[in-house]
$ cat run_7.csv   # CSV, C-alpha atoms and all ligand atoms
chain,number,residue,atom,x,y,z
P,1,MET,CA,-11.1,24.4,15.2
P,2,THR,CA,-11.7,27.5,13.0
P,3,LYS,CA,-11.1,27.1,9.4
P,4,LYS,CA,-9.0,29.8,7.7
P,5,GLY,CA,-11.7,31.7,5.8
P,6,ASN,CA,-13.1,28.8,3.8
P,7,SER,CA,-16.6,30.2,4.1
P,8,ARG,CA,-15.7,33.4,2.4
P,9,SER,CA,-16.1,34.8,-1.1
P,10,ILE,CA,-15.4,32.4,-4.0
P,11,ASN,CA,-13.3,35.1,-5.7
P,12,GLU,CA,-12.8,32.9,-8.8
P,13,ASN,CA,-11.3,30.1,-6.7
P,14,PHE,CA,-13.7,27.4,-5.7
P,15,LYS,CA,-11.0,25.0,-4.4
P,16,ASN,CA,-11.9,23.7,-1.0
P,17,LYS,CA,-14.5,26.4,-0.4
P,18,ASP,CA,-17.6,25.8,1.6
P,19,ILE,CA,-20.8,26.7,-0.3
P,20,LEU,CA,-23.0,28.2,2.3
P,21,SER,CA,-24.7,31.2,0.7
P,22,LEU,CA,-25.2,33.0,-2.6
P,23,ILE,CA,-23.6,36.0,-1.0
P,24,GLN,CA,-20.2,34.3,-1.6
P,25,PHE,CA,-20.6,34.5,-5.4
P,26,SER,CA,-19.7,37.4,-7.7
P,27,PRO,CA,-21.1,37.6,-11.3
P,28,LYS,CA,-17.7,36.3,-12.5
P,29,ASP,CA,-17.9,33.3,-10.2
P,30,LEU,CA,-21.3,32.5,-11.5
P,31,ARG,CA,-20.3,32.8,-15.1
P,32,TYR,CA,-17.3,30.6,-14.5
P,33,LEU,CA,-19.5,27.9,-12.9
P,34,PHE,CA,-22.1,28.2,-15.6
P,35,SER,CA,-19.6,27.8,-18.4
P,36,LEU,CA,-18.4,24.5,-16.9
P,37,SER,CA,-22.0,23.4,-16.4
P,38,SER,CA,-22.8,24.1,-20.1
P,39,LYS,CA,-19.7,22.3,-21.1
P,40,ILE,CA,-20.7,19.2,-19.1
P,41,LYS,CA,-24.2,19.4,-20.4
P,42,LYS,CA,-22.9,19.2,-24.0
P,43,VAL,CA,-20.7,16.1,-23.4
P,44,LYS,CA,-21.8,13.5,-25.9
P,45,ASN,CA,-20.1,10.5,-24.3
P,46,PRO,CA,-20.9,10.4,-20.6
P,47,ASN,CA,-18.3,7.6,-20.0
P,48,LYS,CA,-15.6,10.3,-20.6
P,49,LEU,CA,-16.6,11.9,-17.2
P,50,LEU,CA,-16.3,8.7,-15.1
P,51,ASN,CA,-12.7,9.3,-14.1
P,52,ILE,CA,-13.1,12.8,-12.8
P,53,LEU,CA,-14.2,11.9,-9.2
P,54,LYS,CA,-12.7,8.4,-9.2
P,55,GLY,CA,-11.6,7.5,-5.7
P,56,GLU,CA,-13.5,10.4,-4.1
P,57,ILE,CA,-16.1,9.7,-1.4
P,58,ILE,CA,-18.7,12.3,-0.6
P,59,THR,CA,-21.0,12.3,2.4
P,60,LEU,CA,-24.7,13.3,2.1
P,61,LEU,CA,-25.9,14.1,5.6
P,62,PHE,CA,-29.6,14.9,5.4
P,63,TYR,CA,-31.5,15.7,8.6
P,64,GLU,CA,-34.5,16.8,6.6
P,65,PRO,CA,-36.4,14.9,3.8
P,66,SER,CA,-35.3,15.5,0.2
P,67,SER,CA,-36.0,14.1,-3.2
P,68,ARG,CA,-34.4,16.3,-5.9
P,69,THR,CA,-31.5,17.8,-4.0
P,70,TYR,CA,-30.4,14.4,-2.6
P,71,ALA,CA,-30.9,12.4,-5.8
P,72,SER,CA,-29.4,15.0,-8.1
P,73,PHE,CA,-26.3,15.2,-6.0
P,74,VAL,CA,-26.0,11.4,-5.9
P,75,SER,CA,-26.5,11.4,-9.7
P,76,ALA,CA,-23.9,14.1,-10.2
P,77,ILE,CA,-21.3,12.3,-8.0
P,78,LYS,CA,-21.9,8.9,-9.7
P,79,ARG,CA,-21.8,10.4,-13.2
P,80,LEU,CA,-18.4,11.6,-12.3
P,81,GLY,CA,-17.3,8.2,-11.0
P,82,GLY,CA,-17.3,9.2,-7.3
P,83,GLN,CA,-19.0,7.3,-4.4
P,84,THR,CA,-21.2,8.4,-1.6
P,85,ILE,CA,-21.9,7.8,2.1
P,86,ASP,CA,-25.6,8.4,2.5
P,87,ILE,CA,-26.8,9.3,5.9
P,88,LEU,CA,-30.5,10.0,5.6
P,89,ASP,CA,-32.4,10.9,8.7
P,90,PRO,CA,-29.3,10.7,11.0
P,91,ARG,CA,-31.5,11.2,14.1
P,92,HIS,CA,-32.6,7.7,13.6
P,93,SER,CA,-29.9,6.1,11.6
P,94,SER,CA,-26.7,7.3,13.2
P,95,SER,CA,-25.1,8.3,16.6
P,96,VAL,CA,-27.1,11.5,16.4
P,97,SER,CA,-29.8,9.4,18.0
P,98,LYS,CA,-27.5,9.0,21.0
P,99,GLY,CA,-27.1,12.7,21.4
P,100,GLU,CA,-24.1,13.5,19.3
P,101,THR,CA,-23.7,17.2,18.4
P,102,LEU,CA,-23.7,18.5,14.9
P,103,ARG,CA,-20.0,19.6,15.3
P,104,ASP,CA,-18.9,16.1,16.4
P,105,THR,CA,-20.9,14.4,13.7
P,106,ILE,CA,-19.3,16.7,11.1
P,107,LYS,CA,-15.8,15.9,12.3
P,108,ILE,CA,-16.4,12.2,11.9
P,109,PHE,CA,-17.8,12.3,8.4
P,110,ALA,CA,-15.1,14.8,7.4
P,111,THR,CA,-12.6,12.1,8.1
P,112,TYR,CA,-14.3,9.7,5.8
P,113,SER,CA,-15.0,12.0,2.8
P,114,SER,CA,-13.8,14.8,0.7
P,115,ILE,CA,-17.0,16.9,0.9
P,116,ILE,CA,-20.0,16.9,3.2
P,117,ILE,CA,-23.3,17.9,1.7
P,118,LEU,CA,-25.6,18.9,4.6
P,119,ARG,CA,-29.3,19.5,4.9
P,120,HIS,CA,-30.4,20.6,8.3
P,121,PRO,CA,-33.6,22.1,9.9
P,122,GLU,CA,-31.8,25.0,11.5
P,123,ALA,CA,-30.8,28.2,9.7
P,124,GLY,CA,-27.1,28.8,10.3
P,125,SER,CA,-26.3,25.1,10.8
P,126,ALA,CA,-24.2,24.9,7.6
P,127,LYS,CA,-22.0,27.7,8.9
P,128,ILE,CA,-21.6,25.9,12.2
P,129,ALA,CA,-20.6,22.7,10.3
P,130,ALA,CA,-18.2,24.6,8.2
P,131,GLU,CA,-16.5,26.0,11.3
P,132,SER,CA,-16.1,22.5,12.6
P,133,THR,CA,-13.9,21.1,9.9
P,134,ASN,CA,-11.5,21.9,7.0
P,135,THR,CA,-13.5,19.6,4.7
P,136,PRO,CA,-15.7,21.6,2.4
P,137,ILE,CA,-19.4,21.8,3.4
P,138,ILE,CA,-22.1,22.3,0.9
P,139,ASN,CA,-25.3,23.7,2.3
P,140,ALA,CA,-28.1,21.7,0.8
P,141,GLY,CA,-30.7,23.7,2.7
P,142,ASP,CA,-30.4,25.1,6.3
P,143,GLY,CA,-33.9,25.5,7.7
P,144,ILE,CA,-35.4,28.8,6.6
P,145,GLY,CA,-31.9,30.1,5.7
P,146,GLU,CA,-30.6,29.4,2.3
P,147,HIS,CA,-30.4,26.7,-0.4
P,148,PRO,CA,-27.5,27.9,-2.5
P,149,THR,CA,-27.2,24.9,-4.9
P,150,GLN,CA,-30.9,25.3,-5.8
P,151,ALA,CA,-30.4,28.9,-6.6
P,152,LEU,CA,-27.3,28.1,-8.7
P,153,LEU,CA,-29.4,25.8,-10.9
P,154,ASP,CA,-32.2,28.3,-11.0
P,155,LEU,CA,-29.8,31.1,-12.1
P,156,PHE,CA,-28.2,28.8,-14.6
P,157,THR,CA,-31.7,28.0,-16.0
P,158,ILE,CA,-32.6,31.7,-16.3
P,159,TYR,CA,-29.2,32.4,-17.8
P,160,GLU,CA,-29.6,29.7,-20.4
P,161,LYS,CA,-33.1,31.1,-21.4
P,162,PHE,CA,-32.3,34.8,-21.6
P,163,GLY,CA,-28.5,34.8,-22.1
P,164,LYS,CA,-28.1,37.2,-19.2
P,165,LEU,CA,-28.8,37.7,-15.5
P,166,ASN,CA,-29.2,41.4,-15.4
P,167,SER,CA,-32.1,43.7,-16.4
P,168,LEU,CA,-34.7,41.0,-15.8
P,169,THR,CA,-38.1,41.2,-14.3
P,170,GLY,CA,-39.3,38.3,-12.2
P,171,VAL,CA,-42.2,37.3,-10.0
P,172,LEU,CA,-41.4,35.3,-6.9
P,173,ALA,CA,-44.4,33.9,-5.2
P,174,GLY,CA,-45.4,31.8,-2.2
P,175,ASP,CA,-43.7,31.6,1.2
P,176,LEU,CA,-41.1,34.2,1.0
P,177,LEU,CA,-40.6,34.3,4.7
P,178,ASN,CA,-39.7,30.7,5.2
P,179,GLY,CA,-38.7,29.6,1.7
P,180,ARG,CA,-34.9,29.2,1.6
P,181,THR,CA,-34.8,28.8,-2.2
P,182,VAL,CA,-36.1,32.3,-2.7
P,183,HIS,CA,-33.7,33.7,-0.2
P,184,SER,CA,-30.7,32.4,-2.2
P,185,LEU,CA,-32.3,33.3,-5.5
P,186,ILE,CA,-32.8,36.9,-4.5
P,187,ALA,CA,-29.3,37.1,-3.1
P,188,GLY,CA,-28.0,35.8,-6.5
P,189,LEU,CA,-30.1,38.2,-8.6
P,190,SER,CA,-29.0,41.1,-6.3
P,191,LYS,CA,-25.5,40.7,-7.7
P,192,PHE,CA,-26.6,41.9,-11.1
P,193,SER,CA,-27.8,45.3,-12.2
P,194,GLY,CA,-31.2,46.3,-13.3
P,195,ASN,CA,-33.2,43.4,-11.9
P,196,LYS,CA,-36.7,44.0,-10.7
P,197,LEU,CA,-38.5,41.4,-8.6
P,198,TYR,CA,-42.2,41.4,-7.6
P,199,LEU,CA,-42.5,39.4,-4.4
P,200,LEU,CA,-46.0,38.0,-4.2
P,201,SER,CA,-47.1,36.5,-0.9
P,202,PRO,CA,-49.7,36.7,1.8
P,203,LYS,CA,-48.8,39.7,4.1
P,204,THR,CA,-47.7,37.4,6.9
P,205,LEU,CA,-45.3,35.5,4.7
P,206,GLN,CA,-43.4,38.5,3.2
P,207,LEU,CA,-39.7,38.5,3.1
P,208,LYS,CA,-38.2,39.6,6.4
P,209,GLN,CA,-37.8,43.4,6.6
P,210,SER,CA,-34.1,43.2,7.3
P,211,ASP,CA,-33.5,41.0,4.3
P,212,LEU,CA,-35.6,43.3,2.1
P,213,LEU,CA,-33.5,46.3,3.2
P,214,SER,CA,-30.2,44.5,2.8
P,215,PHE,CA,-31.0,43.3,-0.7
P,216,LYS,CA,-32.4,46.7,-1.7
P,217,ASN,CA,-29.2,48.3,-0.5
P,218,GLN,CA,-27.4,46.3,-3.2
P,219,GLY,CA,-29.5,48.1,-5.8
P,220,ILE,CA,-32.1,45.4,-6.7
P,221,GLU,CA,-35.6,46.7,-7.1
P,222,LEU,CA,-38.0,44.6,-4.8
P,223,ILE,CA,-41.7,45.2,-4.9
P,224,CYS,CA,-43.8,43.4,-2.3
P,225,ILE,CA,-47.3,42.6,-3.6
P,226,ASN,CA,-50.1,40.7,-1.9
P,227,SER,CA,-52.7,40.3,-4.7
P,228,LYS,CA,-52.5,38.6,-8.1
P,229,LYS,CA,-53.9,41.7,-9.7
P,230,GLU,CA,-50.5,43.3,-9.0
P,231,ILE,CA,-48.6,40.8,-11.1
P,232,PRO,CA,-46.8,42.6,-13.9
P,233,GLN,CA,-47.5,41.7,-17.5
P,234,ASN,CA,-44.9,39.9,-19.4
P,235,ALA,CA,-42.3,39.2,-16.7
P,236,ASN,CA,-39.2,37.2,-17.8
P,237,PHE,CA,-39.8,34.5,-15.2
P,238,TRP,CA,-42.2,33.3,-12.6
P,239,TYR,CA,-40.8,31.5,-9.6
P,240,TRP,CA,-43.5,29.8,-7.6
P,241,THR,CA,-43.0,28.1,-4.3
P,242,ARG,CA,-45.0,26.1,-1.8
P,243,ILE,CA,-46.1,27.4,1.6
P,244,GLN,CA,-43.6,25.7,4.0
P,245,LYS,CA,-46.0,23.8,6.1
P,246,GLU,CA,-43.3,22.3,8.4
P,247,ARG,CA,-42.3,25.8,9.5
P,248,PHE,CA,-45.7,26.6,11.0
P,249,LYS,CA,-46.7,26.3,14.6
P,250,SER,CA,-50.1,24.8,13.8
P,251,ASP,CA,-52.1,23.3,11.0
P,252,ALA,CA,-54.7,26.0,11.5
P,253,GLU,CA,-52.1,28.7,10.8
P,254,TYR,CA,-50.9,26.9,7.7
P,255,LYS,CA,-54.4,26.5,6.3
P,256,LYS,CA,-55.0,30.2,6.6
P,257,VAL,CA,-52.4,31.0,4.0
P,258,LYS,CA,-52.3,27.8,2.0
P,259,ASN,CA,-52.8,28.1,-1.8
P,260,LYS,CA,-53.7,31.8,-1.9
P,261,PHE,CA,-51.9,32.1,-5.2
P,262,ILE,CA,-52.4,29.3,-7.7
P,263,VAL,CA,-51.0,29.2,-11.2
P,264,ASN,CA,-53.5,28.0,-13.7
P,265,LYS,CA,-54.1,28.6,-17.4
P,266,LYS,CA,-56.2,31.6,-16.7
P,267,LEU,CA,-53.5,33.3,-14.6
P,268,LEU,CA,-51.0,32.6,-17.4
P,269,ASN,CA,-53.3,34.0,-20.0
P,270,ASN,CA,-53.9,37.1,-18.0
P,271,TYR,CA,-50.4,38.0,-16.9
P,272,ALA,CA,-47.6,35.9,-18.5
P,273,GLY,CA,-46.0,36.7,-21.8
P,274,ARG,CA,-45.1,34.4,-24.7
P,275,ASN,CA,-41.6,34.0,-23.4
P,276,THR,CA,-42.2,34.1,-19.6
P,277,ILE,CA,-40.7,30.9,-18.1
P,278,ILE,CA,-42.5,29.2,-15.2
P,279,MET,CA,-40.2,27.8,-12.5
P,280,HIS,CA,-40.7,26.0,-9.2
P,281,PRO,CA,-38.1,24.4,-7.0
P,282,LEU,CA,-40.6,21.6,-6.2
P,283,PRO,CA,-42.3,19.9,-4.5
P,284,ARG,CA,-45.5,21.6,-5.4
P,285,VAL,CA,-48.6,21.0,-3.3
P,286,GLY,CA,-51.3,22.5,-5.4
P,287,GLU,CA,-49.9,25.9,-6.1
P,288,ILE,CA,-49.4,25.1,-9.8
P,289,LYS,CA,-52.2,23.3,-11.5
P,290,GLU,CA,-51.4,20.2,-13.6
P,291,GLU,CA,-53.0,21.8,-16.6
P,292,VAL,CA,-50.0,24.1,-16.7
P,293,ASP,CA,-47.4,21.3,-17.0
P,294,LYS,CA,-47.8,20.9,-20.7
P,295,ASP,CA,-47.4,24.6,-21.5
P,296,GLN,CA,-44.0,25.2,-23.3
P,297,ARG,CA,-43.3,27.9,-20.7
P,298,ALA,CA,-43.4,25.5,-17.7
P,299,ILE,CA,-39.9,24.3,-17.2
P,300,TYR,CA,-40.0,22.9,-13.6
P,301,PHE,CA,-40.1,19.3,-14.7
P,302,THR,CA,-37.7,19.7,-17.6
P,303,ASP,CA,-34.8,22.2,-17.9
P,304,GLN,CA,-34.8,23.1,-14.2
P,305,ILE,CA,-34.6,19.5,-13.0
P,306,LYS,CA,-31.9,18.5,-15.6
P,307,ASN,CA,-29.8,21.5,-14.9
P,308,GLY,CA,-29.6,20.6,-11.2
P,309,VAL,CA,-27.4,17.7,-12.1
P,310,TYR,CA,-25.1,19.6,-14.4
P,311,VAL,CA,-24.6,22.5,-12.1
P,312,ARG,CA,-23.9,20.2,-9.1
P,313,MET,CA,-21.4,18.3,-11.2
P,314,ALA,CA,-19.6,21.5,-12.1
P,315,LEU,CA,-19.6,22.7,-8.5
P,316,LEU,CA,-18.1,19.4,-7.2
P,317,ILE,CA,-15.4,19.5,-9.9
P,318,LEU,CA,-14.4,23.0,-9.0
P,319,ILE,CA,-14.4,22.5,-5.2
P,320,LEU,CA,-12.2,19.4,-5.6
P,321,ASN,CA,-10.1,21.2,-8.2
P,322,LYS,CA,-10.4,18.4,-10.7
P,323,LYS,CA,-9.4,18.6,-14.4
P,324,THR,CA,-12.1,18.0,-17.0
F,401,LIG,C1,-36.9,23.0,-1.7
F,401,LIG,C2,-36.3,22.9,-0.4
F,401,LIG,O1,-36.0,21.9,0.2
F,401,LIG,O2,-36.0,24.0,0.2
F,401,LIG,N1,-36.9,21.8,-2.4
F,401,LIG,C3,-35.8,21.5,-3.1
F,401,LIG,O3,-34.7,21.4,-2.7
F,401,LIG,N2,-35.9,21.5,-4.5
F,401,LIG,C4,-38.2,23.6,-1.8
F,401,LIG,C5,-39.3,23.2,-0.9
F,401,LIG,O4,-39.1,22.3,-0.1
F,401,LIG,O5,-40.3,23.9,-0.9

$ encode --input "run_7.csv" --output "structure tokens" --more "lines below"
Ligand code: NCD
Amino acid sequence: MTKKGNSRSINENFKNKDILSLIQFSPKDLRYLFSLSSKIKKVKNPNKLLNILKGEIITLLFYEPSSRTYASFVSAIKRLGGQTIDILDPRHSSSVSKGETLRDTIKIFATYSSIIILRHPEAGSAKIAAESTNTPIINAGDGIGEHPTQALLDLFTIYEKFGKLNSLTGVLAGDLLNGRTVHSLIAGLSKFSGNKLYLLSPKTLQLKQSDLLSFKNQGIELICINSKKEIPQNANFWYWTRIQKERFKSDAEYKKVKNKFIVNKKLLNNYAGRNTIIMHPLPRVGEIKEEVDKDQRAIYFTDQIKNGVYVRMALLILILNKKT
């Protein structure tokens, strides 16, 4: 079964759309989503929200481990009065262990629920899932592909801080080859004019050349750097990521590139500005020192985490076309 174009551009209409990639969003779509996210964030009495997804059941089908994405989606659904079917590690806990294909598994859960939130180790799997059903699929991370809802909360967080998503300078650091969150974030920032991103990584973990070219063609300035000395002074935001150990062939390969770039007080003093915000999708595994956590500019345990729930609430409301 092929769905009639659900995986396409949002085009100011989220109803029944799959969320597979940041490529689907225009600046207008993002502003629309963020204005609802802000509205939800400001709600004083959370009980008022409890009827919005009443009677809705949403499946979370997670083939890879997750803390924040899983829990923030569950939190978002429950705050709106909806319910969840939680299939964590389906290779052990469902008929996937008997050899069921992704397409078949998706068809089954599509019957039981109004949205499927899918995390899967293979890039492109969310698209395959979307082609298998008319039920909306939200990509909660497809291997080294994309992680659109993470980028949506990251962009919302940047937008809240600077009141804009254009003419910004950012530093994206870590595993830019395998890190799906950075792929989605760059795709999002490419939609706005005047953005300049410094991509700091070991040479072997640079963004894929074809991605670099296709983003650059959209007009965003991308500067690949391999040494911390090249970090610009006073960027608007730093977005640090971990080296994606699980994507490496061997432990030895991983160890060669692990923790090359560590954020500590000294690095902040040398390169960050007074208003530079420090972000990370988490988990961190040593690439930001704990001494940084108390710095006002570090927002990975505060704004970024909280916004994950509001943005996901807003997204679910819009996909299911609910009134607020
Ligand atoms: C990220 C992921 O799963 O891609 N985590 C998350 O969803 N916040 C980042 C990572 O695992 O490094």

$ atom_distance --input "run_7.csv" --atom1 "atom CA of Val311 of chain P" --atom2 "atom CA of Thr181 of chain P"
15.5 Å

$ residues_near_ligand --input "run_7.csv" --ligand "ligand LIG 401 (chain F)" --cutoff "7 Å" --atoms "only C-alpha atoms and all ligand atoms" --output "list in words"
Ser66, Arg68, Thr69, Gly141, His147, Gln150, Gly179, Arg180, Thr181, Thr241, Arg242, Gln244, Pro281, Leu282 and Pro283 of chain P

$ residues_around --input "run_7.csv" --residues "segment 206-209 of chain P" --least-positions-apart "6" --cutoff "8 Å" --atoms "only C-alpha atoms" --output "list in words"
Asp175, Leu176, Leu177, Leu199, Leu200 and Cys224 of chain P

$ residues_around --input "run_7.csv" --residues "segment 155-167 of chain P" --least-positions-apart "2" --cutoff "8 Å" --atoms "all atoms listed in the file" --output "tab-separated table (two decimals) with C-alpha atoms, in the coordinates of the input"
chain	number	residue	atom	x	y	z
P	34	PHE	CA	-22.10	28.20	-15.60
P	151	ALA	CA	-30.40	28.90	-6.60
P	152	LEU	CA	-27.30	28.10	-8.70
P	153	LEU	CA	-29.40	25.80	-10.90
P	169	THR	CA	-38.10	41.20	-14.30
P	185	LEU	CA	-32.30	33.30	-5.50
P	188	GLY	CA	-28.00	35.80	-6.50
P	189	LEU	CA	-30.10	38.20	-8.60
P	192	PHE	CA	-26.60	41.90	-11.10
P	193	SER	CA	-27.80	45.30	-12.20
P	194	GLY	CA	-31.20	46.30	-13.30
P	195	ASN	CA	-33.20	43.40	-11.90
P	196	LYS	CA	-36.70	44.00	-10.70
P	237	PHE	CA	-39.80	34.50	-15.20
P	303	ASP	CA	-34.80	22.20	-17.90
P	304	GLN	CA	-34.80	23.10	-14.20
P	307	ASN	CA	-29.80	21.50	-14.90
P	311	VAL	CA	-24.60	22.50	-12.10

$ atom_distance --input "run_7.csv" --atom1 "atom CA of Lys54 of chain P" --atom2 "atom CA of Lys323 of chain P"
11.9 Å

$ closest_atom_pairs --input "run_7.csv" --of "segment 280-320 of chain P" --to "segment 119-138 of chain P" --cutoff "10 Å" --atoms "all atoms listed in the file" --output "tab-separated table"
residue	atom	partner	partner_atom	distance
P:Leu315	CA	P:Ile138	CA	9.7
P:Leu316	CA	P:Ile138	CA	9.5
P:Ile319	CA	P:Pro136	CA	7.8
P:Leu320	CA	P:Pro136	CA	9.0

$ closest_residue --input "run_7.csv" --among "P:Glu56, P:Ile278, P:Pro148, P:Leu205" --to "Tyr300 of chain P" --atoms "all atoms listed in the file"
P:Ile278

$ residues_around --input "run_7.csv" --residues "Met313 of chain P" --least-positions-apart "4" --cutoff "7 Å" --atoms "only C-alpha atoms" --output "list of chain:residue names"
P:Ala76, P:Ile77, P:Val309, P:Ile317

$ atom_distance --input "run_7.csv" --atom1 "atom CA of Ser250 of chain P" --atom2 "atom CA of Asp211 of chain P"
25.1 Å

$ residues_around --input "run_7.csv" --residues "Asn259 of chain P" --least-positions-apart "4" --cutoff "9 Å" --atoms "only C-alpha atoms" --output "MDAnalysis selection string"
chainID P and resid 174 242:243 255 285:287

$ closest_residue --input "run_7.csv" --among "P:Leu49, P:Ala272, P:Ala298, P:Ala187" --to "Phe25 of chain P" --atoms "only C-alpha atoms"
P:Ala187

$ closest_residue --input "run_7.csv" --among "P:Lys260, P:Lys48, P:Lys17, P:Arg284" --to "Phe301 of chain P" --atoms "only C-alpha atoms"
P:Arg284

$ residues_around --input "run_7.csv" --residues "Thr276 of chain P" --least-positions-apart "4" --cutoff "12 Å" --atoms "only C-alpha atoms" --output "count of residues only"
24

$ closest_residue --input "run_7.csv" --among "P:Arg247, P:Gly81, P:Ile40, P:Glu221" --to "Gly143 of chain P" --atoms "all atoms listed in the file"
P:Arg247

$ closest_residue --input "run_7.csv" --among "P:Leu36, P:Lys294, P:Arg312, P:Ile288" --to "Lys78 of chain P" --atoms "all atoms listed in the file"
P:Arg312

$ decode --input "run_7.csv" --residues "segment 81-138 of chain P" --atoms "C-alpha atoms" --output "CSV table (one decimal), in the first residue's frame"
chain,number,residue,atom,x,y,z
P,81,GLY,CA,-4.9,12.7,28.4
P,82,GLY,CA,-3.9,10.1,25.8
P,83,GLN,CA,-2.7,6.5,26.3
P,84,THR,CA,0.2,4.6,25.0
P,85,ILE,CA,1.2,1.1,23.8
P,86,ASP,CA,4.8,0.8,24.6
P,87,ILE,CA,6.9,-1.7,22.6
P,88,LEU,CA,10.4,-1.4,23.8
P,89,ASP,CA,13.0,-3.7,22.3
P,90,PRO,CA,10.5,-5.4,20.0
P,91,ARG,CA,13.2,-7.9,18.9
P,92,HIS,CA,12.7,-9.5,22.2
P,93,SER,CA,9.3,-8.5,23.4
P,94,SER,CA,7.2,-8.9,20.2
P,95,SER,CA,6.7,-11.1,17.1
P,96,VAL,CA,9.7,-9.3,15.6
P,97,SER,CA,11.6,-12.1,17.5
P,98,LYS,CA,9.8,-14.6,15.3
P,99,GLY,CA,11.0,-12.8,12.1
P,100,GLU,CA,8.1,-10.4,11.4
P,101,THR,CA,9.1,-7.7,9.0
P,102,LEU,CA,9.0,-4.0,9.8
P,103,ARG,CA,6.3,-3.4,7.3
P,104,ASP,CA,4.1,-6.1,8.8
P,105,THR,CA,4.8,-5.0,12.4
P,106,ILE,CA,3.8,-1.4,11.4
P,107,LYS,CA,0.5,-2.6,9.8
P,108,ILE,CA,-0.5,-4.3,13.1
P,109,PHE,CA,0.3,-1.4,15.4
P,110,ALA,CA,-1.3,1.0,12.9
P,111,THR,CA,-4.6,-0.8,13.6
P,112,TYR,CA,-4.3,-0.4,17.3
P,113,SER,CA,-3.3,3.3,17.4
P,114,SER,CA,-3.6,6.7,15.9
P,115,ILE,CA,0.1,7.5,15.5
P,116,ILE,CA,3.2,5.3,15.6
P,117,ILE,CA,6.4,6.7,17.0
P,118,LEU,CA,9.3,4.7,15.7
P,119,ARG,CA,12.9,4.4,16.6
P,120,HIS,CA,14.9,2.0,14.5
P,121,PRO,CA,18.6,1.4,13.8
P,122,GLU,CA,18.4,1.7,10.0
P,123,ALA,CA,18.4,5.0,8.2
P,124,GLY,CA,15.4,5.1,5.9
P,125,SER,CA,13.3,2.8,8.1
P,126,ALA,CA,10.8,5.5,9.1
P,127,LYS,CA,10.1,6.1,5.4
P,128,ILE,CA,9.6,2.4,4.8
P,129,ALA,CA,7.2,2.4,7.8
P,130,ALA,CA,5.3,5.4,6.5
P,131,GLU,CA,4.9,3.7,3.1
P,132,SER,CA,3.3,0.7,4.9
P,133,THR,CA,0.4,2.4,6.5
P,134,ASN,CA,-1.9,5.4,6.4
P,135,THR,CA,-1.4,5.9,10.1
P,136,PRO,CA,1.0,8.8,10.7
P,137,ILE,CA,4.6,7.7,11.6
P,138,ILE,CA,6.9,9.9,13.7
